[in-house]
file data.txt (compact mmCIF, C-alpha atoms and all ligand atoms)
# COMPACT_ATOMS: atom_id res chain seq x y z
CA MET A 1 0.00 0.00 0.00
CA GLU A 2 1.41 3.34 -1.03
CA ASN A 3 2.11 6.06 1.54
CA VAL A 4 1.81 9.53 -0.03
CA GLN A 5 1.53 12.62 2.15
CA ILE A 6 0.02 15.86 0.86
CA VAL A 7 1.26 18.62 3.14
CA MET A 8 0.16 22.25 2.88
CA GLY A 9 1.24 25.37 4.70
CA SER A 10 -2.27 26.65 5.42
CA ILE A 11 -5.90 25.68 4.95
CA SER A 12 -5.95 28.45 2.34
CA ASP A 13 -3.70 26.23 0.17
CA TRP A 14 -6.32 23.46 0.02
CA GLN A 15 -8.14 25.03 -2.94
CA THR A 16 -4.96 24.35 -4.93
CA LEU A 17 -3.80 21.11 -3.31
CA GLN A 18 -7.19 19.47 -3.67
CA LYS A 19 -6.36 19.25 -7.39
CA THR A 20 -3.46 16.96 -6.43
CA ALA A 21 -5.84 14.92 -4.29
CA GLU A 22 -8.32 14.62 -7.17
CA VAL A 23 -5.63 13.27 -9.52
CA LEU A 24 -4.43 10.75 -6.95
CA THR A 25 -8.01 9.63 -6.34
CA ASP A 26 -8.62 9.23 -10.10
CA LEU A 27 -5.49 7.08 -10.31
CA LYS A 28 -6.63 5.03 -7.29
CA ILE A 29 -3.68 6.10 -5.12
CA LYS A 30 -4.28 6.55 -1.40
CA TYR A 31 -2.95 9.68 0.32
CA GLU A 32 -3.11 11.53 3.62
CA THR A 33 -3.36 15.30 4.05
CA LYS A 34 -1.72 17.47 6.67
CA ILE A 35 -1.45 21.18 7.40
CA ILE A 36 2.03 22.00 8.61
CA SER A 37 3.33 25.55 8.51
CA ALA A 38 7.06 26.13 8.20
CA HIS A 39 6.66 29.43 10.05
CA ARG A 40 3.68 28.89 12.38
CA THR A 41 4.39 25.27 13.42
CA PRO A 42 8.13 24.78 12.80
CA ALA A 43 8.56 22.09 15.47
CA ARG A 44 5.77 20.02 13.92
CA LEU A 45 7.48 20.33 10.53
CA THR A 46 10.77 18.97 11.89
CA GLU A 47 9.08 16.12 13.73
CA PHE A 48 7.00 15.08 10.72
CA ALA A 49 9.96 15.13 8.34
CA GLU A 50 12.39 13.42 10.72
CA LEU A 51 9.93 10.56 11.28
CA ALA A 52 8.77 10.26 7.65
CA LEU A 53 11.20 7.53 6.62
CA ALA A 54 10.54 5.45 9.75
CA ASN A 55 6.80 5.91 9.21
CA GLY A 56 7.05 4.42 5.72
CA VAL A 57 6.31 7.62 3.81
CA GLN A 58 7.28 7.11 0.15
CA LEU A 59 6.60 10.58 -1.25
CA ILE A 60 5.81 14.01 0.17
CA ILE A 61 3.87 16.52 -1.92
CA ALA A 62 4.22 19.92 -0.30
CA GLY A 63 2.36 23.05 -1.36
CA ALA A 64 2.83 26.54 0.01
CA GLY A 65 2.58 30.16 -1.07
CA GLY A 66 4.48 33.39 -0.57
CA ALA A 67 7.63 32.75 1.47
CA ALA A 68 7.12 29.08 0.67
CA HIS A 69 9.73 27.43 2.86
CA LEU A 70 7.68 24.31 3.61
CA PRO A 71 8.84 22.02 0.76
CA GLY A 72 12.50 22.97 1.17
CA MET A 73 12.51 22.57 4.94
CA LEU A 74 10.77 19.20 4.67
CA ALA A 75 13.43 18.16 2.15
CA ALA A 76 16.13 19.41 4.52
CA ASN A 77 14.90 17.05 7.24
CA THR A 78 14.35 13.82 5.29
CA VAL A 79 15.62 11.83 2.31
CA VAL A 80 12.03 10.97 1.31
CA PRO A 81 11.52 12.69 -2.09
CA VAL A 82 9.63 15.99 -1.94
CA ILE A 83 7.50 17.34 -4.80
CA GLY A 84 6.87 21.08 -4.37
CA VAL A 85 3.76 22.94 -5.50
CA PRO A 86 3.97 26.75 -5.63
CA VAL A 87 0.59 28.12 -4.61
CA GLN A 88 -0.51 31.22 -6.56
CA SER A 89 -0.21 34.09 -4.09
CA GLN A 90 -2.38 37.25 -4.22
CA THR A 91 0.38 39.83 -4.19
CA LEU A 92 3.02 38.36 -6.52
CA ASN A 93 0.93 35.81 -8.44
CA GLY A 94 2.96 32.87 -7.14
CA VAL A 95 6.33 33.92 -8.58
CA ASP A 96 7.41 34.38 -4.95
CA SER A 97 6.22 30.84 -4.15
CA LEU A 98 7.92 29.37 -7.22
CA LEU A 99 11.28 30.95 -6.54
CA SER A 100 11.16 30.06 -2.83
CA ILE A 101 10.56 26.43 -3.72
CA VAL A 102 12.71 25.90 -6.81
CA GLN A 103 15.98 27.58 -5.83
CA MET A 104 17.29 24.88 -3.52
CA PRO A 105 20.99 24.47 -2.80
CA ALA A 106 22.77 21.46 -4.31
CA GLY A 107 22.24 18.31 -2.27
CA VAL A 108 18.69 19.06 -1.10
CA PRO A 109 16.36 18.84 -4.12
CA VAL A 110 12.67 19.68 -4.33
CA ALA A 111 10.98 18.50 -7.55
CA THR A 112 9.21 21.78 -8.29
CA MET A 113 5.99 21.95 -10.29
CA ALA A 114 4.38 24.88 -12.12
CA ILE A 115 2.53 27.62 -10.20
CA GLY A 116 -1.07 26.91 -9.22
CA GLU A 117 -3.59 24.36 -10.44
CA ALA A 118 -1.54 22.83 -13.28
CA GLY A 119 1.35 22.33 -10.89
CA ALA A 120 -0.92 20.80 -8.28
CA ARG A 121 -2.35 18.35 -10.80
CA ASN A 122 1.10 17.50 -12.13
CA ALA A 123 2.30 16.76 -8.59
CA GLY A 124 -0.30 14.00 -8.55
CA TYR A 125 0.73 12.66 -11.94
CA LEU A 126 4.46 12.79 -11.12
CA ALA A 127 3.85 10.98 -7.82
CA ALA A 128 1.94 8.31 -9.75
CA GLN A 129 4.69 7.98 -12.35
CA LEU A 130 7.33 7.53 -9.65
CA LEU A 131 5.26 4.97 -7.73
CA GLY A 132 4.28 3.36 -11.03
CA MET A 133 7.88 2.31 -11.68
CA ALA A 134 7.35 -0.37 -9.01
CA ASP A 135 3.60 -0.86 -9.43
CA PRO A 136 2.11 -2.07 -12.73
CA GLU A 137 -1.45 -1.28 -11.57
CA ILE A 138 -0.59 2.40 -11.18
CA GLN A 139 1.13 2.38 -14.57
CA LYS A 140 -2.03 0.96 -16.13
CA GLN A 141 -4.06 3.80 -14.61
CA LEU A 142 -1.58 6.34 -15.97
CA ILE A 143 -1.65 4.89 -19.47
CA SER A 144 -5.45 5.00 -19.60
CA ALA A 145 -5.40 8.58 -18.21
CA ARG A 146 -3.07 9.58 -21.08
CA GLN A 147 -5.34 7.85 -23.59
CA LYS A 148 -8.33 9.73 -22.18
CA MET A 149 -6.43 13.04 -22.43
CA ALA A 150 -5.66 12.37 -26.09
CA ALA A 151 -9.26 11.34 -26.79
CA ASP A 152 -10.52 14.54 -25.12
CA VAL A 153 -8.36 16.66 -27.44
CA LEU A 154 -9.76 14.91 -30.50
CA ALA A 155 -13.30 15.22 -29.14
CA SER A 156 -12.81 18.95 -28.57
CA GLU A 157 -11.67 19.36 -32.18
CA GLU A 158 -14.67 17.38 -33.34
CA ALA A 159 -16.94 19.70 -31.29
CA LEU A 160 -15.29 22.72 -32.95
CA HIS A 161 -16.40 21.48 -36.35
CA HIS A 162 -20.07 21.15 -35.33
C1 LIG A 201 1.93 30.19 3.57
O1 LIG A 201 1.41 31.46 3.56
C2 LIG A 201 0.84 29.27 3.17
O2 LIG A 201 1.36 28.22 2.43
C3 LIG A 201 -0.11 30.12 2.36
O3 LIG A 201 0.00 29.90 0.97
C4 LIG A 201 0.31 31.54 2.70
C5 LIG A 201 -0.81 32.33 3.34
O4 LIG A 201 -1.28 31.62 4.45
P1 LIG A 201 -2.59 32.13 5.22
O5 LIG A 201 -2.25 33.49 5.75
O6 LIG A 201 -3.71 32.14 4.21
O7 LIG A 201 -2.82 31.11 6.32
O8 LIG A 201 2.37 29.84 4.83

call {"tool": "encode", "arguments": {"input": "data.txt", "output": "structure tokens", "more": "lines below"}}
Ligand code: RP5
result
Amino acid sequence: MENVQIVMGSISDWQTLQKTAEVLTDLKIKYETKIISAHRTPARLTEFAELALANGVQLIIAGAGGAAHLPGMLAANTVVPVIGVPVQSQTLNGVDSLLSIVQMPAGVPVATMAIGEAGARNAGYLAAQLLGMADPEIQKQLISARQKMAADVLASEEALHH
């Protein structure tokens, strides 16, 4: 059974991170959600990350906005892979979030997605692709999701002509 953790910095990030959850659900991958703030609950962040490996966590998907230190600080405290989702902030449109998440020093990577909803959805797909390397059932789900995407494009073109 897979162990994927979706962690967000604030309840206000859920609007974005629920897109990750939807993709994982579509692909029949179980996940847990947590709200852990790098700035408001720093001790909880350290504890969660330090225990992640021992708790069997396989992947952490972390979304935050603004001074988005959550994904990087989780990555700093564990060798479990971290996928980062920059939440679109009000003031700087998420460029602040993106740069806070992507510019990690060598040795402590965060696999950083695009800003906002597309990034949140891709975090789900990337998690599935990584888990799929050791799980043929997940790979099957991914292949049929890709086929559906392609079929939707053709159907949209068809609709254009009518
Ligand atoms: C970050 O600050 C959160 O990830 C969120 O995106 C942003 C704003 O948080 P709230 O003030 O809405 O709780 O910690």

call {"tool": "residues_around", "arguments": {"input": "data.txt", "residues": "segment 29-39 of chain A", "least_positions_apart": "3", "cutoff": "7 Å", "atoms": "only C-alpha atoms", "output": "ChimeraX atom specification"}}
result
/A:2-11,24-25,42,44-45,69-70

call {"tool": "residues_around", "arguments": {"input": "data.txt", "residues": "Met1 of chain A", "least_positions_apart": "6", "cutoff": "12 Å", "atoms": "only C-alpha atoms", "output": "PyMOL selection string"}}
result
chain A and resi 28-31+56-58+131+134-135+137-138

call {"tool": "residues_near_ligand", "arguments": {"input": "data.txt", "ligand": "ligand LIG 201 (chain A)", "cutoff": "12 Å", "atoms": "only C-alpha atoms and all ligand atoms", "output": "ChimeraX atom specification"}}
result
/A:7-17,34-42,62-71,84-94,96-98,100-101,115-116

call {"tool": "axis_aligned_box", "arguments": {"input": "data.txt", "around": "segment 51-69 of chain A", "padding_each_side": "5 Å", "output": "JSON"}}
result
{"center_x": 6.8, "center_y": 18.9, "center_z": 4.7, "size_x": 18.8, "size_y": 39.0, "size_z": 23.2}

call {"tool": "atom_distance", "arguments": {"input": "data.txt", "atom1": "atom CA of Val110 of chain A", "atom2": "atom CA of Ile83 of chain A"}}
result
5.7 Å

call {"tool": "closest_residue", "arguments": {"input": "data.txt", "among": "A:Met73, A:Ala123, A:Leu130, A:Val80", "to": "Asn55 of chain A", "atoms": "all atoms listed in the file"}}
result
A:Val80

call {"tool": "atom_distance", "arguments": {"input": "data.txt", "atom1": "atom CA of Thr78 of chain A", "atom2": "atom CA of Leu59 of chain A"}}
result
10.6 Å

call {"tool": "atom_distance", "arguments": {"input": "data.txt", "atom1": "atom CA of Ala151 of chain A", "atom2": "atom CA of Thr20 of chain A"}}
result
21.9 Å

call {"tool": "closest_residue", "arguments": {"input": "data.txt", "among": "A:Ala21, A:Val95, A:Leu27, A:Ile61", "to": "Leu142 of chain A", "atoms": "all atoms listed in the file"}}
result
A:Leu27

call {"tool": "decode", "arguments": {"input": "data.txt", "residues": "segment 61-88 of chain A", "atoms": "N, CA and C atoms", "output": "PDB file, in the first residue's frame"}}
result
ATOM      1  N   ILE A  61       4.250  15.432  -1.012  1.00  0.00           N
ATOM      2  CA  ILE A  61       3.868  16.516  -1.922  1.00  0.00           C
ATOM      3  C   ILE A  61       3.569  17.713  -1.040  1.00  0.00           C
ATOM      4  N   ALA A  62       4.346  18.778  -1.210  1.00  0.00           N
ATOM      5  CA  ALA A  62       4.217  19.916  -0.298  1.00  0.00           C
ATOM      6  C   ALA A  62       3.877  21.180  -1.076  1.00  0.00           C
ATOM      7  N   GLY A  63       2.776  21.820  -0.695  1.00  0.00           N
ATOM      8  CA  GLY A  63       2.355  23.052  -1.361  1.00  0.00           C
ATOM      9  C   GLY A  63       2.329  24.209  -0.388  1.00  0.00           C
ATOM     10  N   ALA A  64       2.842  25.346  -0.836  1.00  0.00           N
ATOM     11  CA  ALA A  64       2.826  26.539   0.005  1.00  0.00           C
ATOM     12  C   ALA A  64       2.929  27.771  -0.880  1.00  0.00           C
ATOM     13  N   GLY A  65       2.562  28.914  -0.302  1.00  0.00           N
ATOM     14  CA  GLY A  65       2.583  30.155  -1.073  1.00  0.00           C
ATOM     15  C   GLY A  65       3.367  31.248  -0.373  1.00  0.00           C
ATOM     16  N   GLY A  66       3.729  32.265  -1.129  1.00  0.00           N
ATOM     17  CA  GLY A  66       4.483  33.394  -0.574  1.00  0.00           C
ATOM     18  C   GLY A  66       5.907  32.972  -0.240  1.00  0.00           C
ATOM     19  N   ALA A  67       6.308  33.212   1.013  1.00  0.00           N
ATOM     20  CA  ALA A  67       7.631  32.752   1.474  1.00  0.00           C
ATOM     21  C   ALA A  67       7.496  31.247   1.724  1.00  0.00           C
ATOM     22  N   ALA A  68       7.548  30.494   0.637  1.00  0.00           N
ATOM     23  CA  ALA A  68       7.115  29.084   0.672  1.00  0.00           C
ATOM     24  C   ALA A  68       8.269  28.171   1.086  1.00  0.00           C
ATOM     25  N   HIS A  69       8.590  28.204   2.366  1.00  0.00           N
ATOM     26  CA  HIS A  69       9.728  27.427   2.859  1.00  0.00           C
ATOM     27  C   HIS A  69       9.390  25.982   3.198  1.00  0.00           C
ATOM     28  N   LEU A  70       8.095  25.650   3.182  1.00  0.00           N
ATOM     29  CA  LEU A  70       7.678  24.308   3.611  1.00  0.00           C
ATOM     30  C   LEU A  70       8.330  23.172   2.809  1.00  0.00           C
ATOM     31  N   PRO A  71       8.243  23.167   1.478  1.00  0.00           N
ATOM     32  CA  PRO A  71       8.842  22.025   0.763  1.00  0.00           C
ATOM     33  C   PRO A  71      10.343  21.900   1.016  1.00  0.00           C
ATOM     34  N   GLY A  72      11.047  22.995   0.979  1.00  0.00           N
ATOM     35  CA  GLY A  72      12.496  22.967   1.174  1.00  0.00           C
ATOM     36  C   GLY A  72      12.900  22.512   2.563  1.00  0.00           C
ATOM     37  N   MET A  73      12.159  22.972   3.570  1.00  0.00           N
ATOM     38  CA  MET A  73      12.513  22.572   4.939  1.00  0.00           C
ATOM     39  C   MET A  73      12.130  21.123   5.217  1.00  0.00           C
ATOM     40  N   LEU A  74      11.066  20.637   4.568  1.00  0.00           N
ATOM     41  CA  LEU A  74      10.774  19.201   4.672  1.00  0.00           C
ATOM     42  C   LEU A  74      11.923  18.423   4.044  1.00  0.00           C
ATOM     43  N   ALA A  75      12.335  18.845   2.846  1.00  0.00           N
ATOM     44  CA  ALA A  75      13.432  18.158   2.151  1.00  0.00           C
ATOM     45  C   ALA A  75      14.719  18.187   2.974  1.00  0.00           C
ATOM     46  N   ALA A  76      14.916  19.274   3.713  1.00  0.00           N
ATOM     47  CA  ALA A  76      16.131  19.407   4.523  1.00  0.00           C
ATOM     48  C   ALA A  76      16.179  18.390   5.660  1.00  0.00           C
ATOM     49  N   ASN A  77      14.991  17.924   6.060  1.00  0.00           N
ATOM     50  CA  ASN A  77      14.901  17.055   7.242  1.00  0.00           C
ATOM     51  C   ASN A  77      14.592  15.595   6.943  1.00  0.00           C
ATOM     52  N   THR A  78      14.608  15.227   5.633  1.00  0.00           N
ATOM     53  CA  THR A  78      14.351  13.820   5.291  1.00  0.00           C
ATOM     54  C   THR A  78      14.959  13.512   3.929  1.00  0.00           C
ATOM     55  N   VAL A  79      15.205  12.223   3.662  1.00  0.00           N
ATOM     56  CA  VAL A  79      15.616  11.833   2.306  1.00  0.00           C
ATOM     57  C   VAL A  79      14.433  11.275   1.508  1.00  0.00           C
ATOM     58  N   VAL A  80      13.231  11.295   2.094  1.00  0.00           N
ATOM     59  CA  VAL A  80      12.030  10.969   1.315  1.00  0.00           C
ATOM     60  C   VAL A  80      11.886  12.057   0.238  1.00  0.00           C
ATOM     61  N   PRO A  81      11.628  11.669  -1.036  1.00  0.00           N
ATOM     62  CA  PRO A  81      11.520  12.687  -2.089  1.00  0.00           C
ATOM     63  C   PRO A  81      10.368  13.668  -1.836  1.00  0.00           C
ATOM     64  N   VAL A  82      10.636  14.938  -2.128  1.00  0.00           N
ATOM     65  CA  VAL A  82       9.628  15.991  -1.939  1.00  0.00           C
ATOM     66  C   VAL A  82       9.291  16.614  -3.290  1.00  0.00           C
ATOM     67  N   ILE A  83       7.994  16.635  -3.608  1.00  0.00           N
ATOM     68  CA  ILE A  83       7.500  17.336  -4.796  1.00  0.00           C
ATOM     69  C   ILE A  83       6.888  18.640  -4.300  1.00  0.00           C
ATOM     70  N   GLY A  84       7.329  19.768  -4.849  1.00  0.00           N
ATOM     71  CA  GLY A  84       6.869  21.077  -4.370  1.00  0.00           C
ATOM     72  C   GLY A  84       5.836  21.692  -5.306  1.00  0.00           C
ATOM     73  N   VAL A  85       4.799  22.256  -4.714  1.00  0.00           N
ATOM     74  CA  VAL A  85       3.758  22.935  -5.500  1.00  0.00           C
ATOM     75  C   VAL A  85       3.692  24.403  -5.069  1.00  0.00           C
ATOM     76  N   PRO A  86       4.079  25.324  -5.962  1.00  0.00           N
ATOM     77  CA  PRO A  86       3.975  26.751  -5.633  1.00  0.00           C
ATOM     78  C   PRO A  86       2.531  27.226  -5.739  1.00  0.00           C
ATOM     79  N   VAL A  87       1.967  27.628  -4.622  1.00  0.00           N
ATOM     80  CA  VAL A  87       0.586  28.123  -4.610  1.00  0.00           C
ATOM     81  C   VAL A  87       0.579  29.558  -5.139  1.00  0.00           C
ATOM     82  N   GLN A  88      -0.429  29.871  -5.971  1.00  0.00           N
ATOM     83  CA  GLN A  88      -0.508  31.224  -6.561  1.00  0.00           C
ATOM     84  C   GLN A  88      -0.883  32.232  -5.487  1.00  0.00           C
TER      85      GLN A  88
END
